[in-house]
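Novice: Pasting in a structure now, in structure tokens, and then I'll have a few things to ask.
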Amino acid sequence: MGSLSFLYFGTVIALSAILVVALRKPVSSVIALLVMFFHIAGLFVTLHAEFLAAVQLIVYAGAILVLYLFVVMLLNVKEDDSYQRQFRLGMGLGLVALAEVVYIVSAAGLPEEPIRERTTSAAAAGNTEMVGRALYTTYLFPFEVASLILLVAMIGAILMAKKGIMGESK
Amino acid sequence: MAVAQWVKTLTFYEILVGMKATITVLIQRIILRNRKAITLQYPHEKRELPGTYRGMIALLRYDDGTDKCVGCDLCESACPSRVITVISSEVEGEPMKRYAKEYYMDMTRCLFCGLCVQACPVDALAMTTEYEWAKYNKRDLRLNKEQLLALGDRNFPVREKKLEFQHPNVAYFNIGHKNLPPKES
Amino acid sequence: MEMLVFAGAAVVKIAVVMGVVLLTVAFLTLAERKVLSWMQDRMGPMEVGPYGTLQPIADGIKLFFKEDIIPAGANRFLFSLAPILSLVPAFIGFAVVPYGPNREIELFGVTIKPFIITDINIGILYILAFVSIGAYGVILGGWASNNKYSLLGGLRSAAQVISYELNIGLAIIGVLILSGSLSMVTIAEKQAGSILNWNIIGMGHGGGIWWWFPVTQIVAFVVYIISAVAETNRLPFDLPEAESELVAGWMTEYSGMRFAFFFMAEYANMILVSCIASVLFLGGYHAPYPGTRLPDNLSWIEGVAWFTVKVYAFLFLFFWLRATLPRLRYDQLMRFGWKVMLPLALGNIVITSIVVYFLRD
Ligand code: SF4
Ligand code: SF4
């Protein structure tokens, strides 16, 4: 049961991820990405990480992808061939990433026990609490660093936008 | 002053005042029942129209059944949207007297301004209070003389006497009229 | 056998909830027109049935038999997908709402909770996740119609939904801090007692001698209500479908059943946000007085009745606001969302967490 659903989610994730870069129309790519986000959330649910699944949908599907769609619709790009020029470079980088994945998986080896059993203890404790506790104890430093980086990015974005407005008004 | 303004903003005072107004109307309508809707249930209830209502245009007749229109074309030239087409001709055997052989009104274009009614020298045109003239085919709204006369008959049952009987001095209009009764003298 | 009973009970519960929701949607369309007309000195629908009570049926039949038009330049696939993407998320959220007391009955040896379809431990996040998916229906419908009004409506909706969803998410965090849970059922249970224990007043959430100290969520409540109105694209925040500017916004090119889907989604969303508001802030199925007035085995009637009353009160508030307020301008909407609602919601989180931290043992 568990491996069957994993097979389904994994296949759809891989297929839709390929479609995201292979489709010509930007809006179709966004739809493919939406399908992918949904299936990633589904994967989280099969792993008993409902909190992550919901956050995945709220943050990625609900906010970030809507912004992508917003940009795509606002610019109204019908078809974009520009990425075709970077095809070789992209292929090279992709191959490197693939090799890395293959290496990591073969080095670590596939887990003997199904993932499902390992996660039941987390589900019993309520995985929202688990995530919160882990973030604020074990991973406190990376967490704070990440938020600091986001803050810097936000200030930078505001500054750039402000500059543009002020430059025009002058 | 500024504090009061702040309190008003924070408590959505203006919005609450507006909401009170709307809920008051609702309570008056359905709980106190002392307020009536100002709208009418149209096909069942109809508004009483004033006599000066500008509805469909009608052609009138004299009390002996002859049409008033003398085919002078003045209405056609007065009409700002070219609704009216008059084809005028002489009355058979009475060379001095004219009438409208054909008379068309394309009511799809009429804007009910009443200029034609004003222009007519013999008061052959009148505005009725009819307005329920929705049609499935717009060609049905190109009315001919019979339809316009029927409109007049329907809405103005009391007809005028012929001009020469109303006032002897205007009889010269119809000099060629054979059956003219003798003038009073 | 047990599996079968369990599944059967689930199907029956889902069917009942869907039936009630669809029926409510149908008669909300009538209720809205009636309430609006009563507030505006009109009569509303009067023709079909006595006082127009059967109007929704007539509307349904009309929409069902209307010609289904797909514009020539439209993207056929997305154009057909959009109404479904809009409707399904609106109905999915009802799965985790507690409609009545969390009691259990035994049926063929299986324990069944009759008033809760399912209790997942992230209930409220689940609803938020799917409500945010609903925005895709609007955006894609607007884009796929190949019409400038539709596109503008879709764009407006995208910006509006993102801005106000944030406020909804932040407004409910105060409640989540008080309840210590994301499950709708637990949140409702924590507010048992009387009206003083509802989160909008928030007494009984302090510990020890501070039990009487209110951790009121009234600010969060107001922020939630305003954001919920904006999130469901209702007046005075109905910019995505502003009739006077955009014909019908993203629905301009839709007709027949596809249009009906959008319409039903809007009303289902209204019901959903009303359910959430009454569970999170107004104690869900709890009566404002302590205990119940009915004998113990009938007390569920009281619970369901109170829940219904609260939800319908919210729905009435939607109509009331619509009858009262004019539409906002777009920049006003954005400024209000980001510069007023967002700081209020954040401040509420800070104050609530400080108070809870110091009052709880
Ligand atoms: S009412 Fe005005 S528009 Fe109509 S026929 Fe007479 S002159 Fe023409
Ligand atoms: S209706 Fe009056 S104005 Fe028009 S042609 Fe006849 S007499 Fe002349």
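Ligands are numbered from 1 in the order shown, chains are lettered A, B, ... in the order of the structure tokens, and residues start at 1 in each chain.
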Within 12 Å of chain C, which residues belong to chain A? Use only C-alpha atoms and report them as a PyMOL selection string.
Specialist: chain A and resi 25+27-28+30-31+34-35+37-38+41+45+48-78+123-129
Novice: Could you tell me, counting only C-alpha atoms and all ligand atoms, which protein and nucleic acid residues lie no more than 9 Å from ligand 2, written as number ranges by chain?
Specialist: B: 59-60, 67-78, 84-88, 99-100, 103, 116-125
Novice: Skipping near chain neighbours, those fewer than 3 positions away, what residues fall within 12 Å of Val12 in chain C using only C-alpha atoms, listed as a compact mmCIF listing (two decimals) with C-alpha atoms, in the first residue's frame?
Specialist:
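So the final result, stored in out-v5.txt, reads:
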# COMPACT_ATOMS: atom_id res chain seq x y z
CA VAL C 5 -19.43 0.05 8.32
CA PHE C 6 -16.81 2.70 8.81
CA ALA C 7 -16.70 3.57 5.12
CA GLY C 8 -20.48 3.50 4.90
CA ALA C 9 -20.82 5.87 7.84
CA ALA C 15 -23.55 12.95 1.68
CA VAL C 16 -25.52 14.66 4.45
CA VAL C 17 -23.04 17.52 4.78
CA MET C 18 -22.83 18.03 1.02
CA GLY C 19 -26.60 17.94 0.77
CA ILE C 112 -18.55 6.54 14.88
CA LYS C 113 -18.49 10.28 15.55
CA PRO C 114 -21.71 11.45 13.92
CA PHE C 115 -21.05 15.20 13.85
CA ILE C 116 -17.50 15.21 12.56
CA ILE C 117 -16.62 13.83 9.15
Novice: Mind listing as a VMD selection string which residues of chain B are within 7 Å of chain C, counting only C-alpha atoms?
Specialist: chain B and resid 18 to 19 22 to 23 25 to 26 29 37 to 39
Novice: Go through the chains and note each residue within 7 Å of ligand 1, using only C-alpha atoms and all ligand atoms, then give the set as a list in words.
Specialist: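 Residues lying within 7 Å of ligand 1: Cys75, Ala78, Cys79, Pro80, Ser81, Arg82, Val83, Ile84, Met105, Arg109, Cys110, Leu111, Phe112, Cys113, Gly114, Leu115, Cys116 and Val117 of chain B.
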Novice: Show which residues sit within 8 Å of Ala150 in chain B, as a PyMOL selection string. Count only C-alpha atoms, and ignore same-chain residues fewer than 3 positions away.
Specialist: chain B and resi 58-59+146-147+153-154
